[in-house]
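Note: the block below is run-v9.cif and it holds mmCIF, C-alpha atoms.
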```cif
data_target
loop_
_atom_site.label_atom_id
_atom_site.label_comp_id
_atom_site.auth_asym_id
_atom_site.auth_seq_id
_atom_site.Cartn_x
_atom_site.Cartn_y
_atom_site.Cartn_z
CA MET A 1 -37.60 55.31 42.01
CA PRO A 2 -35.14 52.57 42.79
CA ILE A 3 -31.74 53.88 43.70
CA ILE A 4 -28.91 52.57 41.65
CA MET A 5 -25.83 51.75 43.62
CA THR A 6 -22.71 49.80 43.03
CA VAL A 7 -20.25 48.83 45.66
CA ASP A 8 -16.87 47.29 45.15
CA PRO A 9 -16.43 44.77 47.96
CA ARG A 10 -12.87 44.07 46.80
CA SER A 11 -11.87 47.67 47.39
CA GLY A 12 -9.93 48.63 50.51
CA VAL A 13 -12.59 51.23 51.29
CA PRO A 14 -15.07 49.81 53.85
CA ILE A 15 -18.36 48.87 52.15
CA TYR A 16 -20.48 50.89 54.59
CA LEU A 17 -18.48 54.02 53.73
CA GLN A 18 -19.01 53.35 50.01
CA LEU A 19 -22.75 53.15 50.65
CA ILE A 20 -22.82 56.35 52.70
CA GLU A 21 -20.86 58.22 50.04
CA GLN A 22 -23.17 57.07 47.23
CA ILE A 23 -26.39 57.84 49.07
CA LYS A 24 -25.12 61.31 50.04
CA ARG A 25 -24.12 61.90 46.43
CA SER A 26 -27.58 60.83 45.19
CA VAL A 27 -29.23 63.20 47.65
CA ALA A 28 -26.88 66.11 46.84
CA LEU A 29 -27.53 65.65 43.11
CA GLY A 30 -31.27 65.40 43.64
CA ILE A 31 -31.42 61.84 42.27
CA MET A 32 -33.08 61.02 45.56
CA ALA A 33 -35.59 63.62 46.67
CA GLY A 34 -36.68 64.54 50.17
CA GLY A 35 -39.27 62.12 51.49
CA GLU A 36 -38.18 59.36 49.13
CA GLN A 37 -38.07 55.88 50.59
CA LEU A 38 -34.86 53.89 50.66
CA PRO A 39 -34.82 50.16 50.05
CA THR A 40 -35.12 48.06 53.17
CA VAL A 41 -31.88 46.81 54.69
CA LYS A 42 -32.70 43.30 53.54
CA GLN A 43 -33.57 44.39 49.99
CA LEU A 44 -30.40 46.43 49.52
CA ALA A 45 -28.26 43.67 51.05
CA LEU A 46 -29.72 41.15 48.60
CA ASP A 47 -29.56 43.52 45.61
CA LEU A 48 -25.87 44.18 46.19
CA THR A 49 -25.03 40.78 47.76
CA ILE A 50 -23.51 42.34 50.84
CA ASN A 51 -23.93 41.75 54.55
CA PRO A 52 -27.19 43.17 55.94
CA ASN A 53 -25.54 44.51 59.09
CA THR A 54 -23.18 46.49 56.85
CA VAL A 55 -26.18 48.14 55.21
CA ALA A 56 -27.75 48.74 58.63
CA ARG A 57 -24.52 50.40 59.79
CA ALA A 58 -24.56 52.77 56.78
CA TYR A 59 -28.22 53.65 57.43
CA ARG A 60 -27.47 54.31 61.12
CA ASP A 61 -24.64 56.68 60.22
CA LEU A 62 -26.78 58.45 57.60
CA GLU A 63 -29.51 58.91 60.19
CA ARG A 64 -27.00 60.29 62.70
CA ASP A 65 -25.75 62.70 60.03
CA GLY A 66 -29.30 63.91 59.39
CA VAL A 67 -29.56 62.63 55.81
CA ILE A 68 -32.25 60.00 56.36
CA GLU A 69 -34.81 59.20 59.00
CA THR A 70 -36.06 55.79 59.97
CA SER A 71 -39.38 55.05 61.54
CA PRO A 72 -39.93 51.59 62.92
CA GLY A 73 -42.27 49.55 60.78
CA ARG A 74 -42.35 52.09 57.93
CA GLY A 75 -38.77 52.12 56.72
CA SER A 76 -36.07 54.67 55.96
CA PHE A 77 -36.67 57.91 54.08
CA VAL A 78 -34.57 60.83 52.84
CA ARG A 79 -35.30 63.69 55.21
CA GLY A 80 -37.85 65.97 53.65
CA ASP A 81 -37.05 69.29 55.35
CA GLY A 82 -34.11 70.26 53.14
CA ALA A 83 -31.71 69.28 55.91
CA ALA A 84 -30.73 66.16 53.96
CA GLN A 85 -29.68 68.20 50.92
CA THR A 86 -27.68 70.66 53.01
CA THR A 87 -25.93 67.85 54.83
CA ALA A 88 -25.23 65.99 51.61
CA GLN A 89 -23.88 69.14 49.93
CA ASN A 90 -21.67 69.84 52.93
CA ALA A 91 -20.45 66.30 52.58
CA GLY A 92 -19.58 67.14 48.96
CA ALA A 93 -17.51 70.09 50.19
CA ASP A 94 -15.76 67.76 52.65
CA VAL A 95 -14.84 65.36 49.86
CA ALA A 96 -13.49 68.23 47.74
CA ARG A 97 -11.54 69.63 50.70
CA GLU A 98 -9.92 66.27 51.35
CA SER A 99 -8.98 65.89 47.69
CA PHE A 100 -7.38 69.36 47.74
CA GLU A 101 -5.50 68.58 50.92
CA ASN A 102 -4.10 65.41 49.39
CA ALA A 103 -3.18 67.16 46.17
CA VAL A 104 -1.39 70.02 47.94
CA ARG A 105 0.43 67.60 50.28
CA GLU A 106 1.52 65.55 47.30
CA ALA A 107 2.66 68.67 45.43
CA LYS A 108 4.65 69.82 48.46
CA SER A 109 6.31 66.43 48.90
CA LEU A 110 7.30 66.53 45.22
CA GLY A 111 8.98 69.89 45.79
CA LEU A 112 6.45 72.28 44.22
CA GLY A 113 6.17 75.77 45.69
CA ARG A 114 3.13 77.99 46.37
CA GLY A 115 3.35 79.67 42.95
CA ALA A 116 3.37 76.40 41.03
CA VAL A 117 0.45 75.02 43.07
CA ARG A 118 -1.56 78.22 42.48
CA GLU A 119 -0.98 77.96 38.73
CA ILE A 120 -2.22 74.37 38.66
CA PHE A 121 -5.25 75.31 40.74
CA ALA A 122 -6.11 78.25 38.44
CA ALA A 123 -5.80 76.07 35.32
CA SER A 124 -8.01 73.44 36.91
CA LEU A 125 -10.64 76.05 37.82
CA ASP A 126 -10.59 77.47 34.28
CA ARG A 127 -11.10 74.03 32.84
CA TRP A 128 -13.87 72.71 35.09
CA LEU A 129 -15.49 75.82 36.54
CA PRO A 130 -14.98 78.65 34.01
CA GLU A 131 -16.51 82.02 34.89
CA GLY A 132 -19.89 82.54 33.26
CA PRO A 133 -20.38 84.98 30.35
CA MET B 1 -31.23 34.55 70.52
CA SER B 2 -28.80 32.36 68.68
CA THR B 3 -25.24 33.05 69.70
CA ILE B 4 -22.24 30.82 69.23
CA SER B 5 -19.31 30.97 71.57
CA ILE B 6 -16.05 29.10 71.13
CA SER B 7 -13.66 29.52 74.00
CA HIS B 8 -10.09 28.29 74.24
CA LEU B 9 -10.76 25.42 71.86
CA ARG B 10 -7.89 22.98 71.50
CA LYS B 11 -7.74 19.79 69.49
CA ALA B 12 -4.76 17.56 68.79
CA TYR B 13 -4.49 14.52 66.54
CA GLY B 14 -1.59 12.62 68.07
CA PRO B 15 1.35 15.00 68.16
CA PHE B 16 -0.31 17.33 65.62
CA LEU B 17 -2.03 20.32 67.18
CA ALA B 18 -4.87 21.05 64.73
CA VAL B 19 -6.56 23.80 66.77
CA ASP B 20 -4.65 25.71 69.40
CA ASP B 21 -6.48 27.93 71.89
CA VAL B 22 -9.07 29.46 69.54
CA SER B 23 -11.77 31.74 70.95
CA ILE B 24 -14.52 33.26 68.80
CA GLU B 25 -17.81 34.94 69.78
CA ILE B 26 -20.55 35.10 67.16
CA PRO B 27 -23.60 37.24 68.01
CA THR B 28 -27.12 36.48 66.78
CA GLY B 29 -27.74 37.23 63.11
CA THR B 30 -24.06 37.61 62.27
CA VAL B 31 -22.48 36.20 59.14
CA TYR B 32 -19.03 35.21 60.28
CA GLY B 33 -16.27 34.18 57.86
CA LEU B 34 -13.55 31.74 58.77
CA LEU B 35 -10.44 32.03 56.63
CA GLY B 36 -7.16 30.23 56.61
CA PRO B 37 -4.76 28.32 54.39
CA ASN B 38 -5.31 24.58 53.85
CA GLY B 39 -4.73 22.69 57.08
CA ALA B 40 -5.19 25.78 59.25
CA GLY B 41 -7.81 24.09 61.44
CA LYS B 42 -11.08 25.35 59.95
CA THR B 43 -12.70 21.96 59.36
CA THR B 44 -11.46 20.63 62.71
CA THR B 45 -13.04 23.64 64.40
CA PHE B 46 -16.33 22.85 62.67
CA LYS B 47 -16.12 19.19 63.67
CA CYS B 48 -15.54 20.12 67.32
CA MET B 49 -18.47 22.55 67.15
CA LEU B 50 -20.71 19.75 65.91
CA GLY B 51 -19.50 17.08 68.28
CA LEU B 52 -18.04 15.10 65.35
CA ALA B 53 -14.66 15.37 67.05
CA ALA B 54 -14.12 15.61 70.79
CA CYS B 55 -12.68 18.92 72.01
CA GLY B 56 -9.25 18.41 73.57
CA ALA B 57 -9.85 21.44 75.77
CA GLY B 58 -12.11 24.46 75.81
CA GLN B 59 -15.85 24.95 75.39
CA ILE B 60 -18.37 25.37 72.61
CA ALA B 61 -21.67 26.99 73.58
CA TYR B 62 -24.88 27.68 71.67
CA ASP B 63 -26.91 30.37 73.44
CA GLY B 64 -24.60 29.85 76.40
CA ARG B 65 -25.29 26.12 76.65
CA PRO B 66 -23.13 23.21 75.56
CA LEU B 67 -24.05 21.08 72.58
CA ALA B 68 -26.96 18.77 73.47
CA PRO B 69 -29.09 16.39 71.36
CA SER B 70 -31.82 19.06 71.20
CA THR B 71 -29.33 21.56 69.73
CA PHE B 72 -29.13 19.50 66.53
CA GLU B 73 -32.72 20.42 65.72
CA ARG B 74 -31.43 24.03 65.45
CA ILE B 75 -28.07 23.52 63.68
CA ALA B 76 -27.60 22.80 60.00
CA TYR B 77 -24.20 21.86 58.64
CA VAL B 78 -22.90 21.73 55.10
CA PRO B 79 -19.67 19.73 55.11
CA GLU B 80 -16.77 20.41 52.78
CA ARG B 81 -17.55 17.26 50.79
CA ALA B 82 -21.17 16.43 50.09
CA VAL B 83 -22.47 13.47 52.08
CA LEU B 84 -25.16 11.85 49.93
CA TYR B 85 -26.23 8.26 49.25
CA ASP B 86 -25.33 7.42 45.65
CA HIS B 87 -28.34 5.15 45.08
CA LEU B 88 -30.94 7.57 46.47
CA THR B 89 -32.57 10.36 44.51
CA VAL B 90 -32.46 13.99 45.65
CA ALA B 91 -36.17 13.75 46.56
CA GLU B 92 -35.47 10.65 48.66
CA HIS B 93 -32.81 12.58 50.55
CA PHE B 94 -35.44 15.22 51.25
CA GLU B 95 -37.81 12.54 52.55
CA MET B 96 -35.07 11.18 54.80
CA THR B 97 -34.34 14.66 56.15
CA ARG B 98 -38.04 15.31 56.71
CA ARG B 99 -38.29 12.23 58.90
CA ALA B 100 -35.25 13.29 60.94
CA PHE B 101 -36.00 17.01 61.39
CA LYS B 102 -39.34 18.45 62.43
CA LYS B 103 -38.88 21.84 60.78
CA PHE B 104 -37.65 20.57 57.40
CA ASP B 105 -39.71 22.13 54.61
CA VAL B 106 -39.74 19.78 51.59
CA LYS B 107 -41.43 22.34 49.34
CA ARG B 108 -38.72 24.88 50.11
CA ALA B 109 -35.98 22.30 49.46
CA VAL B 110 -37.48 21.43 46.06
CA GLU B 111 -37.70 25.13 45.23
CA LEU B 112 -34.08 25.68 46.29
CA VAL B 113 -32.59 22.82 44.24
CA GLY B 114 -34.73 24.08 41.36
CA GLN B 115 -32.92 27.43 41.57
CA PHE B 116 -29.67 25.54 41.06
CA GLY B 117 -31.04 23.48 38.20
CA VAL B 118 -31.01 20.18 40.08
CA ASP B 119 -33.71 17.66 39.17
CA PRO B 120 -35.06 16.08 42.42
CA ALA B 121 -35.72 12.83 40.56
CA LYS B 122 -32.00 12.32 39.85
CA ARG B 123 -29.94 9.87 41.85
CA ALA B 124 -27.05 11.37 43.79
CA ARG B 125 -24.51 9.40 41.76
CA ALA B 126 -25.67 11.22 38.62
CA LEU B 127 -25.05 14.68 40.11
CA SER B 128 -22.02 16.84 39.31
CA LYS B 129 -19.88 18.15 42.19
CA GLY B 130 -21.64 21.52 42.07
CA MET B 131 -25.08 19.90 42.04
CA LYS B 132 -24.14 17.83 45.07
CA THR B 133 -23.07 21.01 46.88
CA ALA B 134 -26.36 22.66 45.86
CA THR B 135 -28.33 19.69 47.21
CA MET B 136 -26.51 19.87 50.55
CA VAL B 137 -27.13 23.63 50.68
CA ALA B 138 -30.84 23.14 49.89
CA ILE B 139 -31.21 20.49 52.63
CA ALA B 140 -29.52 22.75 55.19
CA PHE B 141 -31.39 25.94 54.31
CA ALA B 142 -34.81 24.29 54.08
CA ARG B 143 -34.55 23.38 57.76
CA GLU B 144 -34.89 27.00 58.91
CA PRO B 145 -32.01 26.56 61.31
CA ASP B 146 -30.94 29.00 64.02
CA PHE B 147 -27.30 28.16 63.37
CA LEU B 148 -25.73 27.44 60.00
CA ILE B 149 -22.24 26.03 59.75
CA LEU B 150 -21.01 26.00 56.18
CA ASP B 151 -17.68 24.51 55.16
CA GLU B 152 -16.90 25.78 51.65
CA PRO B 153 -20.60 26.06 50.69
CA THR B 154 -19.88 27.18 47.13
CA SER B 155 -17.33 24.60 46.04
CA GLY B 156 -17.89 23.29 42.54
CA LEU B 157 -20.56 25.91 41.77
CA ASP B 158 -20.40 28.34 38.85
CA PRO B 159 -20.22 32.08 39.62
CA VAL B 160 -23.97 32.62 39.19
CA ASN B 161 -24.82 29.81 41.61
CA GLN B 162 -22.08 30.95 44.01
CA ARG B 163 -23.85 34.31 44.09
CA SER B 164 -27.16 32.53 44.77
CA VAL B 165 -25.64 30.77 47.78
CA LEU B 166 -24.34 34.10 49.12
CA ASN B 167 -27.80 35.63 48.76
CA LEU B 168 -29.31 32.66 50.60
CA ILE B 169 -26.81 33.26 53.40
CA ILE B 170 -27.71 36.97 53.49
CA ASN B 171 -31.40 36.14 53.52
CA GLU B 172 -30.99 33.73 56.45
CA ALA B 173 -29.00 36.35 58.38
CA THR B 174 -31.84 38.89 58.07
CA ARG B 175 -34.08 36.22 59.63
CA GLY B 176 -31.75 36.19 62.65
CA CYS B 177 -29.88 33.01 61.80
CA THR B 178 -26.27 32.95 62.99
CA ILE B 179 -23.94 31.78 60.26
CA LEU B 180 -20.35 30.62 60.31
CA PHE B 181 -18.84 29.84 56.94
CA SER B 182 -15.45 29.11 55.51
CA SER B 183 -14.30 29.80 52.00
CA HIS B 184 -11.10 30.05 50.07
CA GLN B 185 -12.83 32.60 47.86
CA ILE B 186 -11.95 35.72 49.81
CA GLY B 187 -14.15 37.89 47.58
CA GLN B 188 -17.20 35.99 48.81
CA VAL B 189 -16.26 36.41 52.43
CA GLU B 190 -15.62 40.10 51.77
CA ARG B 191 -19.20 40.47 50.50
CA ALA B 192 -21.23 38.32 52.83
CA ALA B 193 -19.36 38.33 56.12
CA GLU B 194 -19.55 41.06 58.69
CA ARG B 195 -16.75 39.68 60.83
CA ILE B 196 -13.89 37.33 60.06
CA ALA B 197 -11.32 35.22 61.83
CA ILE B 198 -8.13 34.05 60.18
CA LEU B 199 -6.63 30.77 61.35
CA GLN B 200 -3.10 29.68 60.67
CA LYS B 201 -1.54 26.46 61.91
CA GLY B 202 -4.40 26.09 64.37
CA ARG B 203 -4.01 29.54 65.89
CA LEU B 204 -6.22 32.59 65.56
CA VAL B 205 -3.99 35.21 63.92
CA LEU B 206 -6.55 37.92 63.18
CA GLU B 207 -10.15 38.64 64.14
CA GLY B 208 -12.42 41.60 63.55
CA ALA B 209 -15.15 43.35 61.56
CA VAL B 210 -14.23 43.39 57.86
CA ASP B 211 -15.01 47.11 57.48
CA ASP B 212 -12.99 48.02 60.60
CA LEU B 213 -10.01 45.95 59.47
CA LYS B 214 -10.07 47.77 56.13
CA ALA B 215 -10.31 51.17 57.80
CA ASP B 216 -7.42 50.44 60.19
CA ARG B 217 -4.99 48.47 58.07
CA LYS B 218 -3.22 50.38 55.32
CA ILE B 219 0.16 50.67 53.67
CA VAL B 220 1.89 54.00 54.22
CA GLU B 221 4.67 54.68 51.73
CA GLY B 222 7.16 57.46 51.32
CA ILE B 223 10.63 58.36 50.15
CA LEU B 224 13.01 59.12 53.00
CA PRO B 225 15.30 62.18 52.96
CA SER B 226 18.40 59.95 52.89
CA ASP B 227 19.52 56.32 52.57
CA ASP B 228 20.76 56.09 56.14
CA PHE B 229 17.69 57.69 57.69
CA SER B 230 16.85 55.87 60.92
CA VAL B 231 13.48 54.09 60.92
CA ASN B 232 13.85 52.70 64.46
CA GLY B 233 11.06 54.97 65.67
CA PHE B 234 8.64 53.40 63.18
CA ALA B 235 9.89 49.88 63.93
CA ALA B 236 9.14 50.42 67.64
CA ASP B 237 5.65 51.80 66.96
CA LYS B 238 2.95 49.32 68.04
CA ARG B 239 0.63 50.62 65.31
CA ILE B 240 3.04 49.40 62.65
CA ALA B 241 3.16 45.66 61.95
CA ARG B 242 5.97 45.69 59.45
CA VAL B 243 8.64 48.01 58.17
CA ASP B 244 10.17 47.50 54.75
CA LYS B 245 13.01 49.74 53.74
CA GLN B 246 14.89 49.60 50.51
CA GLY B 247 17.34 52.44 50.10
CA ARG B 248 15.25 55.59 50.51
CA ILE B 249 11.93 53.86 49.88
CA LEU B 250 10.00 53.14 53.07
CA ARG B 251 6.89 50.97 53.18
CA LEU B 252 5.01 50.67 56.47
CA THR B 253 2.29 48.08 57.09
CA VAL B 254 0.03 49.95 59.48
CA VAL B 255 -2.62 48.24 61.62
CA HIS B 256 -4.00 51.30 63.39
CA GLU B 257 -4.33 55.07 62.76
CA PRO B 258 -2.84 55.10 59.25
CA ASP B 259 -3.48 58.82 58.71
CA GLU B 260 -1.61 59.66 61.90
CA ILE B 261 1.36 57.55 60.76
CA ALA B 262 1.28 59.23 57.34
CA SER B 263 1.50 62.67 58.98
CA GLN B 264 4.43 61.50 61.12
CA LEU B 265 6.21 60.19 58.05
CA GLY B 266 5.54 63.47 56.25
CA ALA B 267 6.99 65.38 59.22
CA THR B 268 10.33 63.59 58.82
CA GLY B 269 10.71 65.33 55.48
CA ALA B 270 9.81 62.21 53.52
CA GLN B 271 8.51 62.87 50.01
CA GLY B 272 5.57 61.37 48.10
CA VAL B 273 3.88 60.10 51.23
CA ARG B 274 0.76 58.13 50.37
CA VAL B 275 -1.71 55.84 52.08
CA VAL B 276 -2.64 52.72 50.14
CA ASP B 277 -5.89 50.83 50.84
CA LEU B 278 -5.76 47.09 51.47
CA ASN B 279 -8.53 44.70 50.56
CA LEU B 280 -9.33 41.55 52.51
CA GLU B 281 -7.05 39.44 50.34
CA ASP B 282 -4.09 41.75 51.09
CA ILE B 283 -4.97 41.66 54.79
CA PHE B 284 -5.25 37.87 54.68
CA ILE B 285 -1.91 37.42 52.95
CA GLY B 286 -0.35 39.87 55.40
CA ALA B 287 -1.75 37.96 58.37
CA VAL B 288 -0.56 34.52 57.25
CA ALA B 289 2.80 35.63 55.84
CA PRO B 290 5.64 34.01 57.78
CA ASP B 291 7.22 37.19 59.18
CA THR B 292 4.45 39.47 60.41
CA SER B 293 4.75 38.61 64.06
CA ASN B 294 6.17 42.02 64.85
CA ALA B 295 7.85 45.02 63.34
CA VAL B 296 10.61 43.81 61.09
CA VAL B 297 13.04 45.89 59.19
CA VAL B 298 13.81 44.35 55.87
CA GLU B 299 16.82 45.97 54.31
CA GLY B 300 16.70 44.97 50.68
CA ALA B 301 19.67 45.09 48.32
CA ASN B 302 19.87 48.46 46.67
#
```

For this file, produce the structure as structure tokens.
Amino acid sequence: MPIIMTVDPRSGVPIYLQLIEQIKRSVALGIMAGGEQLPTVKQLALDLTINPNTVARAYRDLERDGVIETSPGRGSFVRGDGAAQTTAQNAGADVARESFENAVREAKSLGLGRGAVREIFAASLDRWLPEGP
Amino acid sequence: MSTISISHLRKAYGPFLAVDDVSIEIPTGTVYGLLGPNGAGKTTTFKCMLGLAACGAGQIAYDGRPLAPSTFERIAYVPERAVLYDHLTVAEHFEMTRRAFKKFDVKRAVELVGQFGVDPAKRARALSKGMKTATMVAIAFAREPDFLILDEPTSGLDPVNQRSVLNLIINEATRGCTILFSSHQIGQVERAAERIAILQKGRLVLEGAVDDLKADRKIVEGILPSDDFSVNGFAADKRIARVDKQGRILRLTVVHEPDEIASQLGATGAQGVRVVDLNLEDIFIGAVAPDTSNAVVVEGAN
């Protein structure tokens, strides 16, 4: 299955980080299964009209992080041993943690106390992650 | 191997210093973007690289060797303004190029102009500006060069054809071709180029990998505890290129370790501290703005 990705080259977020984030997300959500082949560096660069070395850099980092493996001559694949999913899900937790950190820092700098922050957090949990029946 | 090395290039036209001590290294297979306002020295740099203008000082090397007649077999150049003979057809230009360059692939050239909707049977005088650009691009790319020097290779083209040129550039880079291109369309450079250099008034004012520049250069903003809060510490910080203060509002243009600076600003008791991403256009404007030479405190009227 072809992976669908969009990058925003005009964003201030480096393109290779946008690629890493989207591939990890696809793996964590199961859109890309273990053992699935990724497009070649050249193909993805042409599909997205971005620099090929930028794609290669993203693939190198994903390999270092244990999400994909590359074998010379065959291409790059999502790791099939479950390690990719674990890594990608951990990456999801990292993203969430960073968002929380920013939100709490912002709340503090706007003068909110612990109680007020807890209330917001509880309301947010109730809305997006309500307890099951 | 196909590396380009420009070292301490200098070129003056009379009293006007067009290029002033510019050094750039371009590794094999790199797409390198050259940016700068009009008259910054981009075209002069290209001309010196191609031997069309004599270097005042400094060296240009291809694979470590100076420009020689044999190098021209490996370099293709698309000048800012198309150089075509009005009375010749596009196909006749291909024939002329075939006779001059061993590796020129006529079939590929015909296929390339076809992609841009140019009829090879047309005379150059009947072509629009964009079609002339496309013809020059086709001639250059059909030579399978090791080095491509492109001066505004998308000028006059519509957005679809501009995208086609970018994809041709990307395709050549994956083949190992080393590409230097200039464009006023920063969005194109942001997509296709891995590294960039910004020239201003003949000098190199910024150089680096696009993704690294974006990761390092941010705006850090916050609201200071009081109007008379001293920002001298930030102004003296080498990681901060510019300090703007207006009343309690502080805006720092950070060139390194933005998160670290944000924490420091937070520690002063500043409120609403945030880190704002900069795209290449913001970075470009920041680099060529008149007063970015060092940390400057601008105390606006409040």

Q) Where does the PyMOL selection byres ((chain B) within 9 of (chain A)) land in this file, that is, which residues does it pick, as a ChimeraX atom specification? A) /B:29-31,163,166-168,170-171,173-174,186-188,190-194,210-215,218,266,269-274,276-281

Take the residues that were just selected and, keeping C-alpha atoms, output them as an mmCIF file, in the frame of the given file.
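Once everything was written out, this is again_33.cif:
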```cif
data_model
loop_
_atom_site.group_PDB
_atom_site.id
_atom_site.type_symbol
_atom_site.label_atom_id
_atom_site.label_comp_id
_atom_site.auth_asym_id
_atom_site.auth_seq_id
_atom_site.Cartn_x
_atom_site.Cartn_y
_atom_site.Cartn_z
ATOM 1 C CA GLY B 29 -27.740 37.230 63.110
ATOM 2 C CA THR B 30 -24.060 37.610 62.270
ATOM 3 C CA VAL B 31 -22.480 36.200 59.140
ATOM 4 C CA ARG B 163 -23.850 34.310 44.090
ATOM 5 C CA LEU B 166 -24.340 34.100 49.120
ATOM 6 C CA ASN B 167 -27.800 35.630 48.760
ATOM 7 C CA LEU B 168 -29.310 32.660 50.600
ATOM 8 C CA ILE B 170 -27.710 36.970 53.490
ATOM 9 C CA ASN B 171 -31.400 36.140 53.520
ATOM 10 C CA ALA B 173 -29.000 36.350 58.380
ATOM 11 C CA THR B 174 -31.840 38.890 58.070
ATOM 12 C CA ILE B 186 -11.950 35.720 49.810
ATOM 13 C CA GLY B 187 -14.150 37.890 47.580
ATOM 14 C CA GLN B 188 -17.200 35.990 48.810
ATOM 15 C CA GLU B 190 -15.620 40.100 51.770
ATOM 16 C CA ARG B 191 -19.200 40.470 50.500
ATOM 17 C CA ALA B 192 -21.230 38.320 52.830
ATOM 18 C CA ALA B 193 -19.360 38.330 56.120
ATOM 19 C CA GLU B 194 -19.550 41.060 58.690
ATOM 20 C CA VAL B 210 -14.230 43.390 57.860
ATOM 21 C CA ASP B 211 -15.010 47.110 57.480
ATOM 22 C CA ASP B 212 -12.990 48.020 60.600
ATOM 23 C CA LEU B 213 -10.010 45.950 59.470
ATOM 24 C CA LYS B 214 -10.070 47.770 56.130
ATOM 25 C CA ALA B 215 -10.310 51.170 57.800
ATOM 26 C CA LYS B 218 -3.220 50.380 55.320
ATOM 27 C CA GLY B 266 5.540 63.470 56.250
ATOM 28 C CA GLY B 269 10.710 65.330 55.480
ATOM 29 C CA ALA B 270 9.810 62.210 53.520
ATOM 30 C CA GLN B 271 8.510 62.870 50.010
ATOM 31 C CA GLY B 272 5.570 61.370 48.100
ATOM 32 C CA VAL B 273 3.880 60.100 51.230
ATOM 33 C CA ARG B 274 0.760 58.130 50.370
ATOM 34 C CA VAL B 276 -2.640 52.720 50.140
ATOM 35 C CA ASP B 277 -5.890 50.830 50.840
ATOM 36 C CA LEU B 278 -5.760 47.090 51.470
ATOM 37 C CA ASN B 279 -8.530 44.700 50.560
ATOM 38 C CA LEU B 280 -9.330 41.550 52.510
ATOM 39 C CA GLU B 281 -7.050 39.440 50.340
#
```

(Q) Can you measure atom CA of B:Cys177 to atom CA of B:Thr3 for me? One decimal in Å is fine. (A)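 It comes out at 9.2 Å.
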
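For the residues A:Gln22, A:Ser124, A:Thr6, A:Asn90, ranking by smallest atom-to-atom distance to A:Tyr59 using all atoms listed in the file places A:Gln22 first.
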
Q. In terms of the shortest atom-to-atom distance over only C-alpha atoms, which of A:Val67, A:Ala84, A:Ile20, A:Val117 is closest to A:Phe100?
A.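 Looking at the shortest contact to A:Phe100, the residue is A:Val117.
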
Q: Would you work out the distance separating atom CA of B:Gln59 from atom CA of B:Lys11, expressed in Å to one decimal?
A: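 Straight-line distance from atom CA of B:Gln59 to atom CA of B:Lys11 works out to 11.3 Å.
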
Q. Which is closer to A:Ala56 than all the others in A:Gly132, A:Gly34, A:Pro39, A:Gly73, using only C-alpha atoms?
A.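 Using only C-alpha atoms, the shortest distance to A:Ala56 belongs to A:Pro39.
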
Polymer residues at most 9 Å from B:Asp151, all atoms listed in the file, same-chain spacing of 6 or more positions, as a CSV table (one decimal) with C-alpha atoms, in the frame of the given file:
```
chain,number,residue,atom,x,y,z
B,42,LYS,CA,-11.1,25.4,60.0
B,43,THR,CA,-12.7,22.0,59.4
B,46,PHE,CA,-16.3,22.8,62.7
B,77,TYR,CA,-24.2,21.9,58.6
B,78,VAL,CA,-22.9,21.7,55.1
B,79,PRO,CA,-19.7,19.7,55.1
B,80,GLU,CA,-16.8,20.4,52.8
B,81,ARG,CA,-17.6,17.3,50.8
B,180,LEU,CA,-20.4,30.6,60.3
B,181,PHE,CA,-18.8,29.8,56.9
B,182,SER,CA,-15.4,29.1,55.5
B,183,SER,CA,-14.3,29.8,52.0
```

Q) Interatomic distance between atom CA of B:Ile219 and atom CA of B:Val254? A) 5.9 Å

(Q) For A:Gln85, find every residue with an atom within 10 Å (counting all atoms listed in the file), except residues of its own chain fewer than 6 positions away, and show them as a list in words. (A) Lys24, Arg25, Ser26, Val27, Ala28, Leu29, Gly30, Met32, Ala33, Gly34, Gly66, Val67, Val78, Arg79 and Ala91 of chain A

Carefully work through the PyMOL selection byres ((chain B and resi 96-99) around 12) for this structure and note down the residues it includes, as a CSV table (one decimal) with C-alpha atoms, in the coordinates of the input.
```
chain,number,residue,atom,x,y,z
B,73,GLU,CA,-32.7,20.4,65.7
B,76,ALA,CA,-27.6,22.8,60.0
B,84,LEU,CA,-25.2,11.8,49.9
B,85,TYR,CA,-26.2,8.3,49.2
B,88,LEU,CA,-30.9,7.6,46.5
B,89,THR,CA,-32.6,10.4,44.5
B,90,VAL,CA,-32.5,14.0,45.6
B,91,ALA,CA,-36.2,13.8,46.6
B,92,GLU,CA,-35.5,10.6,48.7
B,93,HIS,CA,-32.8,12.6,50.6
B,94,PHE,CA,-35.4,15.2,51.2
B,95,GLU,CA,-37.8,12.5,52.6
B,100,ALA,CA,-35.2,13.3,60.9
B,101,PHE,CA,-36.0,17.0,61.4
B,102,LYS,CA,-39.3,18.4,62.4
B,103,LYS,CA,-38.9,21.8,60.8
B,104,PHE,CA,-37.6,20.6,57.4
B,105,ASP,CA,-39.7,22.1,54.6
B,106,VAL,CA,-39.7,19.8,51.6
B,107,LYS,CA,-41.4,22.3,49.3
B,108,ARG,CA,-38.7,24.9,50.1
B,109,ALA,CA,-36.0,22.3,49.5
B,135,THR,CA,-28.3,19.7,47.2
B,136,MET,CA,-26.5,19.9,50.6
B,138,ALA,CA,-30.8,23.1,49.9
B,139,ILE,CA,-31.2,20.5,52.6
B,140,ALA,CA,-29.5,22.8,55.2
B,141,PHE,CA,-31.4,25.9,54.3
B,142,ALA,CA,-34.8,24.3,54.1
B,143,ARG,CA,-34.6,23.4,57.8
```
